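For reference, the structure is listed below as structure tokens.
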Amino acid sequence: MIIEKLISILKNDPNYKWESPYSVRDLVSVTWVRCFQIIRGMFLKPFLKHSSGLVFVGTHVKVRHGYQLTAGKNLILDDNVSINALSVNGIKLGDNVSIARDSILFCTGVIAQKGTGITIGDRTGIGARAFLAGQGGITIGNDVITGPNIQVFSENHNFSDTSLTIKEQGVTKQAVVIGNNCWLGGGVTILAGITIGDGCVIAASSVVTKSFPANSIIGGVPAKILKSREKLSENI
């Protein structure tokens, strides 16, 4: 199949194979959409700091301060994605990154407090309606997959002084780091200052309030370790 072969070349994965059959109508429909995304991407690429490959852009995508956005090969920005890269380090997206529809990535909350930025590694897919707030810095590793509606925060409002409004007390910025090969289920919330080790699995709707080591299976509100992937592999 020509299209299958083309995708394997774009992904630089000679082992890429479709697991399901598709009709000619399916293939024409998908190809039609992708062609229009490539055309929109051609108009966006000159406004980016750097892009080393194709950019697929859906409808109603908004990219502000694109001169601070670096993209690798084959970036996909689905419909209604909103990106604001204004920050100290900008937004850096690796090869074969996909940002699903209605997602929001921003780095600066208020103009008086310039944010840090967001980095997303190779082959990572961000699910629909994600909310990534990179004021304190967010780093997401390679080969990470996420369900819809995840939220990642890297800034908190200070509120200890009751003589002042919360708005007057400023913020505390704390970086979030999500390791390689992690799976975040739908609706996961990760709070500021958290580090998630490589290979972790986080159950849907969990609220992560502390850091966890590599290969942990995490779940709950607040999240806690349920199992270890390393122990599961020992039983296989």
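If you're wondering about the labels, chains in the structure tokens are A, B, ... by order shown, residues count from 1 in each chain, ligands from 1 in order shown.
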Step one, run DSSP on the backbone; step two, keep only residues of region 14-118 of chain A assigned to helix (DSSP H, G or I); then write them as a ChimeraX atom specification. /A:24-47,66-68
Who sits within 8 Å of region 134-139 of chain A, only C-alpha atoms, same chain under 4 positions skipped, as a ChimeraX atom specification: /A:87,105-109,114-120,152-155,173-178,192
Counting only C-alpha atoms, which of A:Ile225, A:Leu86, A:Ile38, A:Leu10 gets nearest to Ile111 (chain A)?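 Checking each candidate against Ile111 (chain A), we get A:Leu86 as the closest.
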Go ahead and compute the interatomic distance for CA of Val97 (chain A) and CA of Lys227 (chain A), in Å to one decimal.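 Taking CA of Val97 (chain A) and CA of Lys227 (chain A), their separation equals 29.0 Å.
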